[in-house]
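Data block for target11.csv (CSV, C-alpha atoms and all ligand atoms):
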```
chain,number,residue,atom,x,y,z
A,1,MET,CA,14.3,-3.4,19.4
A,2,ILE,CA,11.3,-5.3,17.9
A,3,SER,CA,10.5,-3.5,14.7
A,4,VAL,CA,6.9,-2.5,13.8
A,5,PHE,CA,7.2,-3.4,10.1
A,6,GLY,CA,9.4,-6.0,8.4
A,7,SER,CA,9.9,-8.5,5.7
A,8,LYS,CA,11.5,-11.9,5.3
A,9,VAL,CA,14.1,-12.5,2.6
A,10,GLY,CA,16.6,-15.3,2.3
A,11,LYS,CA,18.0,-18.1,0.2
A,12,GLU,CA,15.3,-18.1,-2.4
A,13,GLU,CA,15.7,-14.4,-3.2
A,14,LEU,CA,19.5,-14.8,-3.3
A,15,GLU,CA,19.2,-17.7,-5.7
A,16,GLU,CA,17.0,-15.7,-8.1
A,17,ILE,CA,19.4,-12.7,-8.0
A,18,ARG,CA,22.3,-15.1,-8.6
A,19,THR,CA,20.8,-16.3,-11.9
A,20,SER,CA,20.3,-12.7,-13.1
A,21,ILE,CA,23.9,-11.9,-12.3
A,22,GLU,CA,25.2,-15.1,-14.0
A,23,ASN,CA,23.2,-14.2,-17.1
A,24,GLN,CA,24.7,-10.7,-17.0
A,25,TRP,CA,21.3,-9.1,-17.1
A,26,ILE,CA,20.6,-6.9,-14.1
A,27,GLY,CA,18.6,-4.0,-15.7
A,28,ILE,CA,15.0,-4.3,-16.8
A,29,GLY,CA,14.7,-7.5,-18.8
A,30,PRO,CA,13.4,-11.1,-18.7
A,31,LYS,CA,13.0,-11.3,-14.9
A,32,THR,CA,10.9,-8.1,-14.9
A,33,LYS,CA,8.7,-9.6,-17.6
A,34,LEU,CA,8.4,-12.9,-15.7
A,35,PHE,CA,7.5,-11.0,-12.5
A,36,GLU,CA,4.8,-9.1,-14.4
A,37,GLU,CA,3.3,-12.3,-15.8
A,38,LYS,CA,3.4,-14.2,-12.5
A,39,PHE,CA,2.0,-11.3,-10.5
A,40,SER,CA,-0.8,-10.9,-13.1
A,41,GLU,CA,-1.5,-14.6,-12.9
A,42,ARG,CA,-1.6,-14.7,-9.1
A,43,LEU,CA,-4.1,-11.7,-8.9
A,44,GLY,CA,-6.0,-12.5,-12.1
A,45,LEU,CA,-5.1,-9.2,-13.6
A,46,ASN,CA,-5.6,-8.5,-17.3
A,47,ASP,CA,-2.4,-6.5,-17.4
A,48,PHE,CA,0.3,-5.2,-15.0
A,49,ILE,CA,3.5,-3.3,-15.3
A,50,MET,CA,6.2,-3.1,-12.7
A,51,LEU,CA,7.6,0.3,-11.7
A,52,ASP,CA,10.3,1.5,-9.4
A,53,SER,CA,8.0,2.4,-6.5
A,54,GLY,CA,4.4,2.6,-5.3
A,55,SER,CA,4.8,6.4,-5.1
A,56,ASN,CA,5.7,6.6,-8.7
A,57,SER,CA,2.9,4.2,-9.6
A,58,LEU,CA,0.5,6.7,-8.1
A,59,TYR,CA,2.1,9.5,-10.1
A,60,LEU,CA,1.7,7.5,-13.3
A,61,ALA,CA,-1.8,6.4,-12.5
A,62,ILE,CA,-3.0,9.9,-12.3
A,63,LYS,CA,-1.1,11.0,-15.3
A,64,LEU,CA,-2.9,8.2,-17.3
A,65,LEU,CA,-6.3,9.8,-16.5
A,66,SER,CA,-5.3,13.0,-18.5
A,67,LEU,CA,-7.3,15.2,-16.2
A,68,PRO,CA,-7.5,18.9,-16.9
A,69,ALA,CA,-5.3,21.1,-14.7
A,70,GLY,CA,-7.1,22.1,-11.5
A,71,SER,CA,-9.2,18.9,-11.3
A,72,GLU,CA,-10.0,17.8,-7.8
A,73,ILE,CA,-9.3,14.3,-6.6
A,74,ILE,CA,-10.7,13.1,-3.4
A,75,LEU,CA,-8.5,11.0,-1.2
A,76,PRO,CA,-8.5,9.9,2.5
A,77,THR,CA,-6.5,12.3,4.7
A,78,PHE,CA,-5.4,9.3,6.7
A,79,THR,CA,-2.9,8.1,4.2
A,80,TRP,CA,0.7,8.3,3.0
A,81,ILE,CA,2.0,11.6,1.6
A,82,SER,CA,2.7,10.1,-1.9
A,83,CYS,CA,-1.0,9.9,-2.5
A,84,ALA,CA,-1.4,13.6,-2.3
A,85,THR,CA,2.0,14.4,-3.9
A,86,ALA,CA,1.0,12.3,-7.0
A,87,ILE,CA,-2.1,14.5,-7.3
A,88,VAL,CA,-0.2,17.8,-6.9
A,89,LEU,CA,2.6,16.8,-9.4
A,90,ASN,CA,-0.2,16.2,-12.0
A,91,ASN,CA,-1.4,19.8,-11.5
A,92,CYS,CA,-4.6,18.5,-9.8
A,93,LYS,CA,-5.9,19.4,-6.3
A,94,PRO,CA,-6.0,16.9,-3.5
A,95,VAL,CA,-9.3,17.2,-1.5
A,96,PHE,CA,-9.1,15.4,1.8
A,97,ALA,CA,-11.9,13.3,3.1
A,98,ASP,CA,-12.4,11.7,6.5
A,99,ILE,CA,-12.3,8.0,7.1
A,100,ASP,CA,-14.5,5.6,9.0
A,101,ILE,CA,-13.1,5.3,12.5
A,102,GLU,CA,-13.6,1.5,12.6
A,103,THR,CA,-12.0,0.5,9.3
A,104,GLN,CA,-9.7,3.6,8.7
A,105,ASN,CA,-11.1,3.6,5.2
A,106,ILE,CA,-12.7,6.3,3.1
A,107,THR,CA,-16.4,5.7,2.6
A,108,ALA,CA,-19.2,6.9,0.3
A,109,GLY,CA,-20.4,8.9,3.3
A,110,THR,CA,-17.1,10.7,3.9
A,111,ILE,CA,-16.6,11.3,0.2
A,112,ALA,CA,-20.1,12.8,-0.6
A,113,PRO,CA,-19.6,16.2,1.2
A,114,MET,CA,-16.3,16.8,-0.6
A,115,ILE,CA,-17.6,16.4,-4.1
A,116,THR,CA,-17.8,19.6,-6.2
A,117,ASP,CA,-18.2,20.2,-10.0
A,118,LYS,CA,-14.4,20.0,-10.3
A,119,THR,CA,-14.2,16.6,-8.8
A,120,LYS,CA,-12.9,14.2,-11.4
A,121,ALA,CA,-11.6,11.2,-9.5
A,122,ILE,CA,-11.5,9.4,-6.1
A,123,MET,CA,-8.4,7.7,-4.8
A,124,VAL,CA,-9.2,5.0,-2.3
A,125,VAL,CA,-6.6,3.3,0.0
A,126,HIS,CA,-7.4,-0.1,1.4
A,127,TYR,CA,-6.0,0.6,4.8
A,128,ALA,CA,-4.0,-2.3,6.3
A,129,GLY,CA,-5.6,-4.4,3.5
A,130,LYS,CA,-9.1,-4.1,4.8
A,131,PRO,CA,-11.1,-3.6,1.5
A,132,VAL,CA,-12.8,-0.2,0.9
A,133,LYS,CA,-16.6,-0.5,0.2
A,134,LEU,CA,-16.0,0.2,-3.5
A,135,ASN,CA,-19.4,-0.7,-4.8
A,136,GLU,CA,-21.0,2.3,-3.0
A,137,ILE,CA,-18.2,4.6,-4.1
A,138,LYS,CA,-18.5,3.5,-7.8
A,139,GLU,CA,-22.1,5.0,-7.6
A,140,PHE,CA,-20.6,8.5,-7.8
A,141,GLY,CA,-19.6,7.7,-11.4
A,142,LEU,CA,-16.1,9.2,-11.0
A,143,HIS,CA,-12.8,7.7,-11.9
A,144,ILE,CA,-11.4,5.4,-9.2
A,145,ILE,CA,-7.7,5.0,-8.5
A,146,GLU,CA,-7.2,2.1,-6.1
A,147,ASP,CA,-4.1,2.4,-3.8
A,148,ALA,CA,-3.6,-1.3,-3.0
A,149,ALA,CA,-0.2,-0.7,-1.4
A,150,HIS,CA,-1.4,-2.5,1.8
A,151,ALA,CA,-3.7,-4.9,0.0
A,152,VAL,CA,-1.7,-7.2,-2.3
A,153,ASP,CA,-3.6,-10.2,-1.0
A,154,SER,CA,-7.0,-8.5,-0.4
A,155,LYS,CA,-10.2,-9.4,-2.3
A,156,ILE,CA,-13.7,-8.1,-2.7
A,157,GLY,CA,-15.9,-10.9,-3.9
A,158,GLY,CA,-13.8,-12.8,-6.3
A,159,LYS,CA,-11.7,-9.9,-7.3
A,160,TYR,CA,-8.3,-8.7,-6.0
A,161,CYS,CA,-8.1,-5.2,-4.7
A,162,GLY,CA,-6.3,-3.0,-7.3
A,163,SER,CA,-8.2,-4.6,-10.2
A,164,ILE,CA,-11.6,-3.2,-9.4
A,165,GLY,CA,-11.3,0.6,-10.1
A,166,ASP,CA,-10.1,2.3,-13.3
A,167,ILE,CA,-6.4,2.0,-12.3
A,168,GLY,CA,-4.8,0.2,-9.3
A,169,ILE,CA,-1.4,0.5,-7.8
A,170,TYR,CA,0.8,-1.7,-5.6
A,171,SER,CA,3.8,-1.1,-3.5
A,172,PHE,CA,6.6,-3.6,-3.0
A,173,ASP,CA,8.8,-1.5,-0.7
A,174,GLY,CA,11.0,-3.2,1.9
A,175,VAL,CA,8.2,-3.6,4.5
A,176,LYS,CA,5.3,-4.5,2.3
A,177,ASN,CA,3.6,-7.9,2.3
A,178,LEU,CA,5.4,-8.7,-1.0
A,179,ALA,CA,8.7,-7.0,-0.2
A,180,ILE,CA,11.3,-6.1,-2.8
A,181,GLY,CA,13.1,-3.1,-1.5
A,182,GLU,CA,11.9,-0.3,-3.8
A,183,ALA,CA,9.3,-1.3,-6.4
A,184,GLY,CA,5.7,-1.0,-7.3
A,185,GLY,CA,3.3,-1.4,-10.2
A,186,VAL,CA,0.2,-0.4,-12.0
A,187,THR,CA,-2.8,-2.3,-13.4
A,188,SER,CA,-5.9,-1.4,-15.4
A,189,ASN,CA,-8.5,-3.3,-17.4
A,190,ASN,CA,-8.3,-0.5,-19.9
A,191,LYS,CA,-6.0,-1.6,-22.8
A,192,GLU,CA,-5.3,1.9,-24.0
A,193,LEU,CA,-4.3,3.1,-20.5
A,194,MET,CA,-1.9,0.2,-20.1
A,195,LYS,CA,-0.4,0.8,-23.5
A,196,LYS,CA,0.3,4.4,-22.5
A,197,ALA,CA,1.6,3.3,-19.1
A,198,LYS,CA,4.2,1.1,-20.8
A,199,ALA,CA,5.4,4.0,-22.9
A,200,LEU,CA,5.4,6.5,-20.1
A,201,ARG,CA,7.5,4.5,-17.6
A,202,TYR,CA,10.5,4.5,-20.0
A,203,CYS,CA,10.8,8.3,-20.6
A,204,GLY,CA,7.6,8.3,-22.7
A,205,ILE,CA,9.2,6.2,-25.4
A,206,GLU,CA,6.7,4.1,-27.3
A,207,LYS,CA,9.0,1.1,-27.9
A,208,SER,CA,12.5,0.5,-26.8
A,209,GLY,CA,15.1,-0.3,-29.5
A,210,PHE,CA,15.1,-3.9,-28.3
A,211,GLU,CA,11.3,-4.3,-28.6
A,212,ALA,CA,11.3,-2.5,-32.0
A,213,SER,CA,14.1,-4.7,-33.4
A,214,THR,CA,11.7,-7.5,-34.4
A,215,THR,CA,9.3,-5.2,-36.2
A,216,LYS,CA,11.2,-2.6,-38.1
A,217,ASN,CA,14.4,-1.7,-39.9
A,218,ARG,CA,15.8,1.3,-38.1
A,219,TRP,CA,14.9,-0.1,-34.7
A,220,TRP,CA,17.0,2.5,-32.9
A,221,GLU,CA,14.5,5.2,-33.9
A,222,TYR,CA,11.6,5.9,-31.5
A,223,ASN,CA,8.6,8.0,-30.9
A,224,VAL,CA,8.0,9.9,-27.7
A,225,VAL,CA,4.4,10.0,-26.6
A,226,ASP,CA,4.7,12.4,-23.7
A,227,PHE,CA,7.2,14.1,-21.3
A,228,PHE,CA,7.8,11.7,-18.5
A,229,PRO,CA,10.6,10.7,-16.1
A,230,LYS,CA,12.1,7.2,-16.1
A,231,LEU,CA,10.3,5.0,-13.6
A,232,ILE,CA,11.4,1.5,-14.7
A,233,PRO,CA,12.3,-1.3,-12.3
A,234,ASP,CA,15.3,-3.7,-12.8
A,235,ASP,CA,15.8,-7.5,-12.9
A,236,ILE,CA,17.5,-7.6,-9.5
A,237,SER,CA,14.3,-6.2,-7.9
A,238,ALA,CA,12.2,-8.5,-10.1
A,239,SER,CA,14.2,-11.5,-8.9
A,240,ILE,CA,13.4,-10.7,-5.3
A,241,GLY,CA,9.8,-10.2,-6.3
A,242,LEU,CA,9.6,-13.6,-8.0
A,243,ALA,CA,10.9,-15.3,-4.8
A,244,GLN,CA,8.6,-13.3,-2.6
A,245,LEU,CA,5.6,-14.1,-4.9
A,246,ARG,CA,6.3,-17.9,-4.4
A,247,LYS,CA,6.3,-17.4,-0.6
A,248,LEU,CA,3.3,-15.0,-0.5
A,249,ASP,CA,0.8,-17.6,0.7
A,250,GLU,CA,3.1,-18.7,3.5
A,251,LEU,CA,3.9,-15.1,4.5
A,252,GLN,CA,0.2,-14.2,4.5
A,253,GLU,CA,-0.6,-17.2,6.6
A,254,TYR,CA,1.9,-16.1,9.3
A,255,ARG,CA,0.5,-12.5,9.3
A,256,LYS,CA,-3.0,-13.9,9.8
A,257,TYR,CA,-1.7,-16.2,12.5
A,258,ILE,CA,-0.3,-13.1,14.5
A,259,TRP,CA,-3.4,-11.1,13.6
A,260,ASP,CA,-5.8,-13.7,15.0
A,261,ILE,CA,-3.8,-14.1,18.3
A,262,TYR,CA,-3.8,-10.3,18.7
A,263,GLN,CA,-7.6,-10.1,18.0
A,264,ASP,CA,-8.3,-12.7,20.6
A,265,GLU,CA,-6.0,-11.3,23.3
A,266,PHE,CA,-6.7,-7.6,22.8
A,267,ALA,CA,-10.5,-8.1,22.5
A,268,LYS,CA,-10.3,-8.8,26.2
A,269,LEU,CA,-8.9,-5.3,27.0
A,270,SER,CA,-11.7,-2.8,27.5
A,271,TRP,CA,-9.4,0.2,27.1
A,272,LEU,CA,-8.5,-0.4,23.5
A,273,ASN,CA,-10.3,-1.1,20.2
A,274,ILE,CA,-9.1,-3.8,17.9
A,275,PRO,CA,-9.1,-3.4,14.1
A,276,ARG,CA,-11.9,-4.7,11.9
A,277,ASP,CA,-11.6,-8.1,10.3
A,278,ALA,CA,-12.6,-8.7,6.7
A,279,ASP,CA,-16.4,-8.9,6.1
A,280,GLU,CA,-17.9,-12.0,4.6
A,281,ASN,CA,-17.2,-11.4,1.0
A,282,GLU,CA,-13.8,-9.9,1.6
A,283,ARG,CA,-10.2,-10.9,2.2
A,284,HIS,CA,-7.8,-8.9,4.3
A,285,SER,CA,-4.0,-8.5,3.9
A,286,TYR,CA,-3.0,-7.9,7.5
A,287,PHE,CA,-0.3,-5.3,6.5
A,288,THR,CA,-0.4,-3.5,9.8
A,289,TYR,CA,-2.2,-3.9,13.1
A,290,PHE,CA,-3.8,-0.7,14.2
A,291,ILE,CA,-5.2,-0.2,17.7
A,292,ARG,CA,-7.2,2.7,19.1
A,293,LEU,CA,-7.2,3.6,22.7
A,294,ASN,CA,-10.4,5.0,24.3
A,295,ASN,CA,-8.4,7.2,26.7
A,296,ASP,CA,-5.6,9.8,26.4
A,297,LYS,CA,-2.8,7.3,27.1
A,298,ARG,CA,-1.6,6.6,23.6
A,299,ASP,CA,1.7,8.5,23.9
A,300,ASP,CA,2.3,6.9,27.2
A,301,LEU,CA,1.7,3.4,25.7
A,302,ALA,CA,4.0,4.2,22.8
A,303,ASN,CA,6.8,5.4,25.2
A,304,TYR,CA,6.2,2.4,27.5
A,305,LEU,CA,6.6,0.0,24.7
A,306,TYR,CA,9.6,1.8,23.4
A,307,GLU,CA,11.3,1.6,26.7
A,308,LYS,CA,10.6,-2.2,26.7
A,309,GLY,CA,12.2,-2.6,23.3
A,310,ILE,CA,9.0,-2.6,21.2
A,311,TYR,CA,8.9,0.0,18.4
A,312,THR,CA,5.5,1.3,17.3
A,313,THR,CA,4.3,4.1,15.1
A,314,LEU,CA,1.3,6.0,13.9
A,315,ARG,CA,0.3,5.5,10.2
A,316,TYR,CA,-0.9,8.1,9.3
A,317,GLN,CA,-0.5,11.7,10.4
A,318,PRO,CA,-3.6,13.2,8.7
A,319,LEU,CA,-2.5,15.0,5.6
A,320,HIS,CA,-4.9,17.9,6.0
A,321,MET,CA,-3.2,18.9,9.2
A,322,ILE,CA,0.2,19.4,7.4
A,323,PRO,CA,0.3,23.1,6.3
A,324,ILE,CA,1.8,22.5,2.8
A,325,TYR,CA,-1.6,21.2,1.5
A,326,ASN,CA,-3.5,24.4,2.5
A,327,SER,CA,-6.2,22.4,4.1
A,328,THR,CA,-5.7,23.0,7.8
A,329,HIS,CA,-9.1,24.7,7.9
A,330,LEU,CA,-10.8,21.3,7.4
A,331,LYS,CA,-12.1,19.5,10.5
A,332,LEU,CA,-12.0,15.8,9.8
A,333,LYS,CA,-12.9,14.5,13.2
A,334,ASN,CA,-12.3,10.7,12.9
A,335,SER,CA,-8.8,11.1,11.4
A,336,GLU,CA,-8.0,13.8,14.0
A,337,LEU,CA,-9.1,11.5,16.8
A,338,LEU,CA,-7.0,8.7,15.4
A,339,ASN,CA,-4.1,11.1,15.3
A,340,GLU,CA,-4.4,11.3,19.1
A,341,THR,CA,-5.5,7.7,20.0
A,342,GLY,CA,-4.2,5.4,17.3
A,343,LEU,CA,-1.1,3.2,17.3
A,344,ASN,CA,0.4,0.6,14.9
A,345,ILE,CA,2.0,-2.3,16.7
A,346,PRO,CA,4.3,-4.9,15.2
A,347,ILE,CA,3.0,-7.4,12.7
A,348,HIS,CA,5.3,-9.0,10.2
A,349,PRO,CA,6.9,-12.3,9.2
A,350,ASN,CA,10.1,-11.7,11.3
A,351,LEU,CA,8.2,-11.7,14.6
A,352,SER,CA,9.0,-14.8,16.6
A,353,GLU,CA,6.5,-16.6,18.8
A,354,ASP,CA,8.4,-15.1,21.8
A,355,ASP,CA,8.1,-11.6,20.3
A,356,ILE,CA,4.3,-12.0,19.8
A,357,ARG,CA,3.8,-13.2,23.4
A,358,TYR,CA,6.2,-10.4,24.7
A,359,ILE,CA,4.2,-7.7,22.9
A,360,ILE,CA,0.9,-9.0,24.3
A,361,LYS,CA,2.3,-9.3,27.8
A,362,THR,CA,3.8,-5.8,27.7
A,363,ILE,CA,0.6,-4.2,26.5
A,364,LYS,CA,-1.4,-5.9,29.2
A,365,GLU,CA,1.2,-4.8,31.8
A,366,PHE,CA,0.7,-1.2,30.7
A,367,GLY,CA,-3.0,-1.5,31.2
A,368,ARG,CA,-2.5,-2.8,34.7
A,369,LYS,CA,0.1,0.0,35.5
A,370,TYR,CA,-2.5,2.7,34.6
A,371,ASN,CA,-5.5,0.8,36.1
A,372,LEU,CA,-7.2,0.9,32.7
B,401,LIG,C1,-0.9,3.7,1.2
B,401,LIG,C2,0.4,3.9,0.5
B,401,LIG,N1,0.4,4.3,-0.7
B,401,LIG,C3,1.6,4.5,-1.4
B,401,LIG,C4,2.8,4.2,-0.8
B,401,LIG,C5,4.0,4.4,-1.5
B,401,LIG,O1,4.7,3.2,-1.9
B,401,LIG,P1,6.3,3.2,-2.0
B,401,LIG,O2,6.9,3.2,-0.7
B,401,LIG,O3,6.5,1.9,-2.8
B,401,LIG,O4,6.7,4.4,-2.8
B,401,LIG,C6,2.8,3.7,0.5
B,401,LIG,C7,4.1,3.4,1.2
B,401,LIG,O5,4.2,3.1,2.3
B,401,LIG,C8,1.6,3.6,1.2
B,401,LIG,O6,1.5,3.1,2.5
```
Could you write out this file's structure as structure tokens?
Amino acid sequence: MISVFGSKVGKEELEEIRTSIENQWIGIGPKTKLFEEKFSERLGLNDFIMLDSGSNSLYLAIKLLSLPAGSEIILPTFTWISCATAIVLNNCKPVFADIDIETQNITAGTIAPMITDKTKAIMVVHYAGKPVKLNEIKEFGLHIIEDAAHAVDSKIGGKYCGSIGDIGIYSFDGVKNLAIGEAGGVTSNNKELMKKAKALRYCGIEKSGFEASTTKNRWWEYNVVDFFPKLIPDDISASIGLAQLRKLDELQEYRKYIWDIYQDEFAKLSWLNIPRDADENERHSYFTYFIRLNNDKRDDLANYLYEKGIYTTLRYQPLHMIPIYNSTHLKLKNSELLNETGLNIPIHPNLSEDDIRYIIKTIKEFGRKYNL
């Protein structure tokens, strides 16, 4: 079966892990610090801390805003559940907004009707790595949390996604563009927020004994700034991250190569819509390739591809349609339409040239079978 998402790890990652093991330091330590520095350097971030997942990074990001309980945070309904969970776990209310059908991104237009006097923040998700139009959204004057889980290599103007709002988060799970296994991280240009983030990630402890040993006598004593779980990464993960970071340009080039072939080939098919490319002042990350059918054959296509050994999926099932969020009364028509007509097809660094050609051939074959 050809998988829909994937990553490429190998000798370089093993080599980095080997040195951590040889140095007998596998928990959080020098490799984590180095990954944080190198990642910041690559994206031109003022500061960045690594955490154990993108989901927990979202949780921490919202905590950092210190919003009063009951505050409303607007987010796209067409996103991963962690986005809404992070809001609920911070005693705030997720308010779901529709997305633009072409870009799968939240817009100023879809946000505006959802704003109330309780709205305190907007969480944007750069879907597939296509940058959200942040300049227009900034006009609302609300806090902006940027979920750049798909957008590690995306840019708006000269700035990397994640570094433009109040707080940005990244995910480095096993299928992301920079794949670690389970990891993520948080960035902000606000020094106070980053100081707090560093304390929070380690059970709310201001300084670890090790850090404090150079500055005080009883270094084992600590201050706790808040109640918070432990969300720290480790040096084995950071080792993989360092190797992936060195390969990121190459990995991105290959994603773009596949993307461009798909764009060319699928533009010829009148029965499906291809995803939007980056606009002039933007850079895309090509995390996933999302097609929309303009007929009712999406499930048939998914099943046809499955039978032919090609795995596909739908990212995402609109959150407002899941009963736990008490939002099933909302009608968010673009997201609901995508729920019926959208499909993510394989794009990742482990696809071979033969896989790419086979996927294209099989999709075209399906069109012919149904006279589309
Ligand atoms: C948009 C988005 N945000 C957040 C996350 C959570 O990241 P993680 O899997 O690292 O917890 C994901 C994961 O797929 C995601 O797609």
Could the residues that lie within 9 Å of ligand LIG 401 (chain B), counting all atoms listed in the file, be listed as a PyMOL selection string?
chain A and resi 52-58+79-83+125-128+147-150+169-176+181-185+315-316
At a cut-off of 9 Å, using all atoms listed in the file, what residues contact segment 208-225 of chain A? Leave out same-chain residues fewer than 6 positions from it and give the result as a CSV table (one decimal) with C-alpha atoms, in the coordinates of the input.
```csv
chain,number,residue,atom,x,y,z
A,196,LYS,CA,0.3,4.4,-22.5
A,199,ALA,CA,5.4,4.0,-22.9
A,200,LEU,CA,5.4,6.5,-20.1
A,202,TYR,CA,10.5,4.5,-20.0
```
Interatomic distance (Å, one decimal) between atom CA of Asp234 of chain A and atom CA of Ile49 of chain A
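Pair atom CA of Asp234 of chain A / atom CA of Ile49 of chain A returns 12.1 Å.
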Computed interatomic separation between atom CA of Thr313 of chain A and atom CA of Asn344 of chain A (Å)
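One can read the atom CA of Thr313 of chain A to atom CA of Asn344 of chain A distance as 5.2 Å.
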Atom CA of Ile345 of chain A to atom CA of Asn303 of chain A, straight-line distance in Å:
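Rounded to one decimal, the two atoms are 12.4 Å apart.
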Contact table segment 194-309 of chain A vs segment 320-337 of chain A, cut-off 12 Å, shortest pair per residue, all atoms listed in the file, as a tab-separated table:
```
residue	atom	partner	partner_atom	distance
A:Arg292	CA	A:Leu337	CA	9.3
A:Leu293	CA	A:Leu337	CA	10.0
A:Asn294	CA	A:Leu337	CA	10.0
A:Asn295	CA	A:Leu337	CA	10.8
A:Asp296	CA	A:Leu337	CA	10.4
A:Arg298	CA	A:Leu337	CA	11.2
```
For segment 236-238 of chain A, please output as a PDB file with C-alpha atoms, in the frame of the given file all residues within 7 Å (counting only C-alpha atoms; exclusion window: fewer than 5 positions along the same chain).
```
ATOM      1  CA  ILE A  17      19.400 -12.700  -8.000  1.00  0.00           C
ATOM      2  CA  SER A  20      20.300 -12.700 -13.100  1.00  0.00           C
ATOM      3  CA  ILE A  26      20.600  -6.900 -14.100  1.00  0.00           C
ATOM      4  CA  LYS A  31      13.000 -11.300 -14.900  1.00  0.00           C
ATOM      5  CA  THR A  32      10.900  -8.100 -14.900  1.00  0.00           C
ATOM      6  CA  PHE A  35       7.500 -11.000 -12.500  1.00  0.00           C
ATOM      7  CA  ILE A 180      11.300  -6.100  -2.800  1.00  0.00           C
TER       8      ILE A 180
END
```
Selected residue, from A:Lys247, A:Lys198, A:Arg368, A:Lys130, that lies nearest to Glu13 of chain A when counting all atoms listed in the file
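Looking at the shortest contact to Glu13 of chain A, the residue is A:Lys247.
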Quick one: contact table of segment 251-318 of chain A to segment 98-104 of chain A, 12 Å max, nearest atom pair and distance in Å to one decimal per residue, counting all atoms listed in the file, chain and number order, as a Markdown table?
```
| residue | atom | partner | partner_atom | distance |
| --- | --- | --- | --- | --- |
| A:Asn273 | CA | A:Glu102 | CA | 8.7 |
| A:Ile274 | CA | A:Glu102 | CA | 8.7 |
| A:Pro275 | CA | A:Glu102 | CA | 6.8 |
| A:Arg276 | CA | A:Thr103 | CA | 5.8 |
| A:Asp277 | CA | A:Thr103 | CA | 8.7 |
| A:Ala278 | CA | A:Thr103 | CA | 9.6 |
| A:Asp279 | CA | A:Thr103 | CA | 10.9 |
| A:His284 | CA | A:Thr103 | CA | 11.4 |
| A:Thr288 | CA | A:Gln104 | CA | 11.8 |
| A:Tyr289 | CA | A:Thr103 | CA | 11.4 |
| A:Phe290 | CA | A:Gln104 | CA | 9.1 |
| A:Ile291 | CA | A:Glu102 | CA | 10.0 |
| A:Arg292 | CA | A:Glu102 | CA | 9.2 |
| A:Leu293 | CA | A:Ile101 | CA | 11.9 |
| A:Arg315 | CA | A:Gln104 | CA | 10.3 |
| A:Tyr316 | CA | A:Gln104 | CA | 9.9 |
| A:Pro318 | CA | A:Asp98 | CA | 9.2 |
```
